Structure formats: C-alpha cells, structure tokens
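See structure below.
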Amino acid sequence: KPSKRLPLPPGSLGIPILSLFGKPTVFIHGQAANKFVFTSDSSTISNQQVASLRALLGERNITELSGEDHKRVRDALVSFLKPECLKQYIEKMDAEVRRHIDMHWEGHQKVTVLPLMKTLTFDIICSLLLGIECGARREILIKCFETLVKGLWSIPINFPFTVYNHGLQATNRIRNIVKDLMREKRVELEQKGASISHQDLITCLLSIGEKNNKEGMSEDEIVHNVVTIMIAGHDTSSILLTFIIRLLANDPTICASVVQEQEKIAKSKASGEWLTWEDLAKMKYTWKVALETLRIVPPVFGGFRKAMKDIEYGGYLIPKGWQIFWVKSMTHMDGDIFQDPSKYDPMRFENQASIPAYCFIPFGAGPRICPGYEFARIETLVTIHYLVTRFTWKLCCTDNGFSRDPTAIPAQGLPIQIVPKKILQK
Ligand code: HEM
C-alpha cells in the first residue's frame, strides 16, 4: 500500500488546458515501466483514452473496455484477425495492392509516399474489414475518415467550426454507413448462411452474435469497434510502409538484400499468380527490415492509462485518477538494450528471443497487445514485394527527420522519383 508521504513525480503540472489533455500526467519509459504498465491488472491501472478519443471512437470501443467485456470483444475481433483466418485473404490484399500500384504509381515519375500509403491501407481496410468494393461509398468514407482523424487529438470543445465538432459530425456519418452495412450483411447472412460468415470483419462479428449471445457483441459495440479498427489499422501501417520506403532509398545495402529476397519470389511465380502464405514465410529479411523500422520510428509513440488507486512506483506516489503516459521511443533507443541504437541494423532481429522482454514494444505487450499484428505484417510484405520488384526510387527531399502529429510524418510526406523495372516472372 503506498504511503501518502511519498513525493509526487518531479515536474510541473503546467496550465491545465495546455498540459497533456488537461489532466495531471505521469510520463514513464524503460523496461521496468513498460512491464508495470502492461502487466498491472485493471483495478490498478485501467486503459482510459483522452476525452476526444473516447467521444469520437465511442464508449464501447475496445480501448475503453476492461475485464470480461474487453476479453469478449477482443476474442470476437481476433476471430477475424488471427493468422488462420487472414491466410484466406492474401489474394484480396494482393489484388488491392496491385490495383493501387496500377492506378497511382504506374505511369508516374514522381509520387508522394505518405498520402499514397494512407490511400492504400484505407482501401485494404474497406475491402477486407468492411467488405466494400470500390465506388462512391469508399469515397464518402475516406472524406469523413480524414476529418475524424483530425478530431481525435483535438481539444474536446464542441462549438460549431471547431476541429472536434467536425470530428463528431464525421464519426456520426461513418457510424451510419457502418449501420447500413450491418443491415445489408445481416440480410445476406440470413440468405446464404454460415458459409459467408468470414467474408469480412462486419459479417464475422454479426455471425458471432447470432451463434452465441454470450460471445456476441451489441450493435453499438460492433459500430464503435469497426470505427476503432479503421483508425488503428490505418495510420499505423501506412506510416510503417512510408518509413520502409525511405529507408530503402537511403541504404543501398539493405535495399539490395530486400530486392534479392523479393525478386527470387517474383521469379518463381507465373504471370498474374497471387502471393501465398508460403511466399510470405520466405520474406524473412524484409520483415526484419520492417521490425527495425518500427524500432526507430514506432508509428504509435505510446499510450495512455489511468491510475485507479494511489500507486507507488519508483519511489514516487502516482495519485488515484492521474493519467499515465507510456512512451516507447526512449526504450527503443536505449544503448544498453540496443547496441548503437541510431544505426539501422535489421540483423538485430535475427534472434528475436535475445531482445529482453518489454524492450521492443511497437505493438504493445500483455493482454492489450495489438491484435492487428498479423494483418499489418501481411499488408506490409505484400506491398513491399510489389514496390521493390516493379520500381526503383530515389528521394526528392534530403531532410531525414520527421515530425509527430502525433503519428510520425516525414518531411513533405516523402516525395520520391520512381522508375519502373522490367516485370519478373517464371
Ligand atoms: C504497424 C502497424 C501497427 C502498429 C505499430 C500497431 C500498434 C498498436 C499499439 C501500440 C497498440 C496499443 C497497445 C496498448 O495500449 O497496450 C495497438 C492496439 C490495437 N491495435 Fe494496433 N498496430 C498496428 C496495426 C493494427 C492493425 C492493422 C489493426 C487492425 C486491423 C490494429 C488493431 C488494433 C486494436 C483493435 C488495438 C486495441 C487492442 C486492445 O485494446 O486490446 N492495429 N496497436
């Protein structure tokens, strides 16, 4: 039990409205801090998002839930996001990536990577998770979605014309589209039965509800979590892809090894043949490059928790009700854990078991570890495969830094010059 006489963590609380989201917030990092955050039970530390996120994503979204509710909703989402299920969708992802490249890269000499990767990951989400083919609905959704994302980290003051107010309007429109989709998919499920239950995430969640109510989700839960997954799976993978593309332009040796691995796979395929699960398993070096990119530029730089009671940590008192903000970059760049931490070295991940627990946490850890890991891995590998086998590129901008908003953004969105390659196949 913590003693009330322990000092508060050092630092200034700042002016409330300007300080981190208006609440006293403790900033922590390092292996022990990560373990403390990821393994504490929900009666000590709960997962509670800032007010703007909660309002825009919906109060039944997974990041707001704890205990049995969290487990039930998470199990339902994982029943679609688990590898055994996603294996069936590699073809669909492959088709989206090829369509994207034909439309946005082919025939161009210069492209700006970040907005393109955002378009691509959004299209993959529409196709696989929402089951929406190209067309007007996707166009409306992407417009609302951009407004919603801007509102997520805004000050939650609901006056007309504020970013937050626009975000609220956008989220309502998106929720209505998801509800329409649910009505349509319910009818389809009634007509075609369980054989289509895994055709997309929405149908999958509806069919769990119908099979067994104890495991199922309410209508609000489905809507709030579909919107949350759209956010969780979009700004993350698109940033990872963008920074891999920048790394490949900056490091000819790493690039040559990725190209060699991917060209070998491309040469083994007949014209038009889709990538398979087995092909992805051969992309070992490319995935190490992705992991190293996630270490240096984690798309999600940290997260929020709330102290549910007075907690003693590291000789300080974290009072009940305070926010805890865990940040991963400082652990990822700690020279005692990762030798020469500023050096890009994918071979650090040759033996992942040698990395101490809670020190490499781009996807978090513990019961809330990102359930989209496999989805992100597949879309990253498929995209990099087609980009490196079809193009070479060089950077138009020499600024190698990035800003945070709060996700990582490269200078000018990463403009590059591209040159098509001769297509390889068996
Ligand atoms: C490179 C890509 C990605 C990264 C780096 C990433 C990272 C993370 C992190 C750090 C968390 C928070 C863990 C915590 O609070 O303890 C998280 C949670 C989550 N992610 Fe991801 N993510 C990625 C892609 C995805 C994708 C593609 C999806 C879905 C298709 C997804 C769905 C989720 C969900 C639903 C949660 C909440 C889990 C829970 O609260 O139990 N993520 N992710």
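In the structure tokens, chains take the letters A, B, ... in the order shown, each chain's residues start at 1, and ligands count up from 1 in the order shown.
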If you count only C-alpha atoms, which residues fall within 6 Å of stretch 282-293 of chain A, apart from same-chain ones fewer than 4 positions away, as number ranges by chain?
A: 258, 297, 346, 349
What would the file look like if the residues just selected were written as a PDB file, in the first residue's frame with C-alpha atoms?
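In the end it all went to selection34.pdb:
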ATOM      1  CA  VAL A 258      15.374  -6.878 -49.790  1.00  0.00           C
ATOM      2  CA  VAL A 297      10.115   5.123 -35.922  1.00  0.00           C
ATOM      3  CA  PRO A 346      17.748  -5.315 -39.396  1.00  0.00           C
ATOM      4  CA  PHE A 349      16.104  -9.200 -35.194  1.00  0.00           C
TER       5      PHE A 349
END
Stretch 365-377 of chain A: which residues within 6 Å, counting only C-alpha atoms, same-chain residues fewer than 2 positions away excluded, as a ChimeraX atom specification?
/A:38,237,363,379-380
Hey, what does DSSP flag as strand (DSSP E) within stretch 34-259 of chain A? Can you give it to me as a ChimeraX atom specification?
/A:45-46,110-112
Just write the chosen residues, N, CA and C atoms, as an mmCIF file, in the first residue's frame.
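Wrote it out as selection.cif, contents follow:
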data_model
loop_
_atom_site.group_PDB
_atom_site.id
_atom_site.type_symbol
_atom_site.label_atom_id
_atom_site.label_comp_id
_atom_site.auth_asym_id
_atom_site.auth_seq_id
_atom_site.Cartn_x
_atom_site.Cartn_y
_atom_site.Cartn_z
ATOM 1 N N ILE A 45 -4.360 -0.175 -12.854
ATOM 2 C CA ILE A 45 -4.202 0.759 -13.977
ATOM 3 C C ILE A 45 -5.241 0.385 -15.022
ATOM 4 N N SER A 46 -6.060 1.334 -15.404
ATOM 5 C CA SER A 46 -7.038 0.982 -16.450
ATOM 6 C C SER A 46 -6.665 1.691 -17.743
ATOM 7 N N LYS A 110 6.946 10.910 -60.428
ATOM 8 C CA LYS A 110 7.147 11.386 -59.060
ATOM 9 C C LYS A 110 5.872 11.118 -58.264
ATOM 10 N N VAL A 111 6.003 10.590 -57.061
ATOM 11 C CA VAL A 111 4.830 10.386 -56.195
ATOM 12 C C VAL A 111 5.184 10.846 -54.774
ATOM 13 N N THR A 112 4.141 11.160 -53.981
ATOM 14 C CA THR A 112 4.375 11.473 -52.564
ATOM 15 C C THR A 112 3.871 10.289 -51.753
#
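Considering the residues A:Arg305, A:Arg175, A:Lys185, A:Lys264 and counting only C-alpha atoms and all ligand atoms, ligand 1 has its shortest atom-to-atom contact with A:Arg305.
Closest approach to A:Thr44 from the set A:Ser66, A:Lys87, A:Glu273, A:Arg138 is made by A:Ser66, with distances taken over only C-alpha atoms.
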For stretch 232-234 of chain A, please output as a ChimeraX atom specification all residues within 12 Å (counting only C-alpha atoms; exclusion window: fewer than 4 positions along the same chain).
/A:53,57,61-63,81,114-126,128-129,142,145-146,149,152,225-228,238-241,299-300,363,370-377,379-380,407
Write a file of the just-selected residues containing C-alpha atoms, as a PDB file, in the first residue's frame.
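The resulting file, again.pdb, is shown below:
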ATOM      1  CA  LEU A  53     -10.702   9.881 -28.478  1.00  0.00           C
ATOM      2  CA  LEU A  57     -14.452   6.337 -31.218  1.00  0.00           C
ATOM      3  CA  ASN A  61     -14.662   0.703 -28.265  1.00  0.00           C
ATOM      4  CA  ILE A  62     -12.154  -1.942 -27.151  1.00  0.00           C
ATOM      5  CA  THR A  63      -9.607   0.516 -25.771  1.00  0.00           C
ATOM      6  CA  LEU A  81      -7.676 -11.075 -37.308  1.00  0.00           C
ATOM      7  CA  LEU A 114       2.643   9.061 -47.221  1.00  0.00           C
ATOM      8  CA  PRO A 115      -0.718  10.078 -48.757  1.00  0.00           C
ATOM      9  CA  LEU A 116      -0.471   7.132 -51.177  1.00  0.00           C
ATOM     10  CA  MET A 117       0.199   4.646 -48.382  1.00  0.00           C
ATOM     11  CA  LYS A 118      -2.772   6.113 -46.489  1.00  0.00           C
ATOM     12  CA  THR A 119      -4.970   5.570 -49.549  1.00  0.00           C
ATOM     13  CA  LEU A 120      -3.697   2.018 -49.941  1.00  0.00           C
ATOM     14  CA  THR A 121      -4.184   0.967 -46.306  1.00  0.00           C
ATOM     15  CA  PHE A 122      -7.631   2.578 -46.313  1.00  0.00           C
ATOM     16  CA  ASP A 123      -8.599   0.628 -49.434  1.00  0.00           C
ATOM     17  CA  ILE A 124      -7.357  -2.614 -47.854  1.00  0.00           C
ATOM     18  CA  ILE A 125      -9.465  -1.900 -44.758  1.00  0.00           C
ATOM     19  CA  CYS A 126     -12.545  -1.145 -46.903  1.00  0.00           C
ATOM     20  CA  LEU A 128     -11.179  -6.817 -46.089  1.00  0.00           C
ATOM     21  CA  LEU A 129     -12.780  -5.431 -42.974  1.00  0.00           C
ATOM     22  CA  ILE A 142     -12.433   8.387 -46.803  1.00  0.00           C
ATOM     23  CA  PHE A 145     -12.430   9.482 -42.064  1.00  0.00           C
ATOM     24  CA  GLU A 146      -9.853  12.228 -42.704  1.00  0.00           C
ATOM     25  CA  VAL A 149      -8.671  11.552 -37.643  1.00  0.00           C
ATOM     26  CA  LEU A 152      -9.023  12.589 -32.496  1.00  0.00           C
ATOM     27  CA  ASN A 225     -15.140  -1.226 -32.777  1.00  0.00           C
ATOM     28  CA  VAL A 226     -15.329  -1.201 -36.553  1.00  0.00           C
ATOM     29  CA  VAL A 227     -14.589   2.556 -36.469  1.00  0.00           C
ATOM     30  CA  THR A 228     -11.748   1.943 -33.969  1.00  0.00           C
ATOM     31  CA  SER A 238       0.728   3.467 -43.701  1.00  0.00           C
ATOM     32  CA  ILE A 239       3.481   5.066 -41.597  1.00  0.00           C
ATOM     33  CA  LEU A 240       5.438   1.841 -41.322  1.00  0.00           C
ATOM     34  CA  LEU A 241       5.339   1.405 -45.120  1.00  0.00           C
ATOM     35  CA  PRO A 299       4.040   4.749 -35.600  1.00  0.00           C
ATOM     36  CA  VAL A 300       2.265   4.755 -32.203  1.00  0.00           C
ATOM     37  CA  PHE A 363       2.738  -3.373 -30.883  1.00  0.00           C
ATOM     38  CA  CYS A 370      -2.056  -5.169 -30.879  1.00  0.00           C
ATOM     39  CA  PRO A 371      -4.404  -7.803 -32.363  1.00  0.00           C
ATOM     40  CA  GLY A 372      -3.677  -6.385 -35.844  1.00  0.00           C
ATOM     41  CA  TYR A 373      -0.037  -7.577 -35.880  1.00  0.00           C
ATOM     42  CA  GLU A 374      -0.599 -10.298 -38.500  1.00  0.00           C
ATOM     43  CA  PHE A 375      -2.804  -8.052 -40.649  1.00  0.00           C
ATOM     44  CA  ALA A 376      -0.052  -5.389 -40.595  1.00  0.00           C
ATOM     45  CA  ARG A 377       2.622  -7.979 -41.389  1.00  0.00           C
ATOM     46  CA  GLU A 379      -0.071  -5.887 -45.915  1.00  0.00           C
ATOM     47  CA  THR A 380       3.495  -4.656 -45.344  1.00  0.00           C
ATOM     48  CA  THR A 407       1.943   9.922 -35.568  1.00  0.00           C
TER      49      THR A 407
END
Identify, on the basis of only C-alpha atoms, every residue whose closest approach to stretch 192-203 of chain A does not exceed 8 Å; exclude the query and any residue fewer than 4 positions from it along the same chain; express the result as a ChimeraX atom specification.
/A:77,80,85,127-131,181-182,185-186,188,207,222,226
Now that the selection is made, can you save its residues with N, CA and C atoms as a compact mmCIF listing (two decimals), in the first residue's frame?
# COMPACT_ATOMS: atom_id res chain seq x y z
N LEU A 77 -12.92 -9.87 -32.19
CA LEU A 77 -12.10 -9.23 -33.24
C LEU A 77 -11.00 -10.19 -33.71
N PHE A 80 -11.44 -12.84 -36.41
CA PHE A 80 -11.21 -12.46 -37.81
C PHE A 80 -9.73 -12.14 -38.07
N CYS A 85 -7.26 -17.25 -40.13
CA CYS A 85 -8.34 -16.65 -40.90
C CYS A 85 -7.76 -15.73 -41.99
N SER A 127 -11.86 -3.08 -48.18
CA SER A 127 -12.11 -4.35 -48.85
C SER A 127 -12.22 -5.50 -47.85
N LEU A 128 -11.22 -5.63 -46.96
CA LEU A 128 -11.18 -6.82 -46.09
C LEU A 128 -12.04 -6.71 -44.85
N LEU A 129 -12.08 -5.52 -44.26
CA LEU A 129 -12.78 -5.43 -42.97
C LEU A 129 -14.23 -5.03 -43.16
N LEU A 130 -14.48 -4.08 -44.08
CA LEU A 130 -15.85 -3.61 -44.25
C LEU A 130 -16.58 -4.33 -45.38
N GLY A 131 -15.82 -4.98 -46.25
CA GLY A 131 -16.45 -5.66 -47.38
C GLY A 131 -17.07 -4.68 -48.36
N LEU A 181 -24.26 -0.94 -43.54
CA LEU A 181 -23.56 -2.17 -43.95
C LEU A 181 -24.02 -3.35 -43.11
N MET A 182 -24.22 -3.10 -41.82
CA MET A 182 -24.66 -4.20 -40.93
C MET A 182 -26.03 -4.73 -41.36
N LYS A 185 -25.57 -6.80 -44.49
CA LYS A 185 -24.84 -8.07 -44.27
C LYS A 185 -25.68 -9.04 -43.45
N ARG A 186 -26.55 -8.49 -42.59
CA ARG A 186 -27.44 -9.37 -41.82
C ARG A 186 -28.37 -10.11 -42.79
N GLU A 188 -27.84 -10.72 -45.95
CA GLU A 188 -27.03 -11.66 -46.72
C GLU A 188 -26.75 -12.94 -45.92
N SER A 207 -22.07 -12.66 -37.23
CA SER A 207 -22.35 -14.08 -37.13
C SER A 207 -22.00 -14.63 -35.74
N ILE A 222 -20.35 -3.28 -32.08
CA ILE A 222 -19.83 -3.54 -33.44
C ILE A 222 -19.48 -2.22 -34.12
N VAL A 226 -15.70 -1.26 -35.13
CA VAL A 226 -15.33 -1.20 -36.55
C VAL A 226 -14.65 0.15 -36.82
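Restricting the calculation to only C-alpha atoms and all ligand atoms, the smallest distance between ligand 1 and any of A:Ile132, A:Ala51, A:Leu381, A:Ile101 is found for A:Leu381.
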Restricting the calculation to only C-alpha atoms and all ligand atoms: of A:Leu168, A:Ile208, A:Met230, A:Ala266, which residue gets closest to ligand 1?
A:Met230
What does the structure give for the distance between atom CA of A:His70 and atom CA of A:Ser43, in Å to one decimal?
13.6 Å
Could you find all residues in stretch 279-369 of chain A that DSSP calls helix (DSSP H, G or I) from the backbone, and write them as a ChimeraX atom specification?
/A:279-281,284-296,329-332,346-349,352-354,366-368
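Omitting stretch 317-319 of chain A and its sequence neighbours fewer than 5 positions away, and counting only C-alpha atoms, the residues within 9 Å are Pro2, Ser3, Lys4, Arg5, Leu6, Pro7, Leu8, Pro9, Val26, Ala307, Met308, Lys309, Asp310, Ile311, Glu312 and Ile324 of chain A.
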Of the candidates A:Met330, A:Val97, A:Ile378, A:Ile416, which one gets nearest to A:Cys396 if we count only C-alpha atoms?
A:Ile416
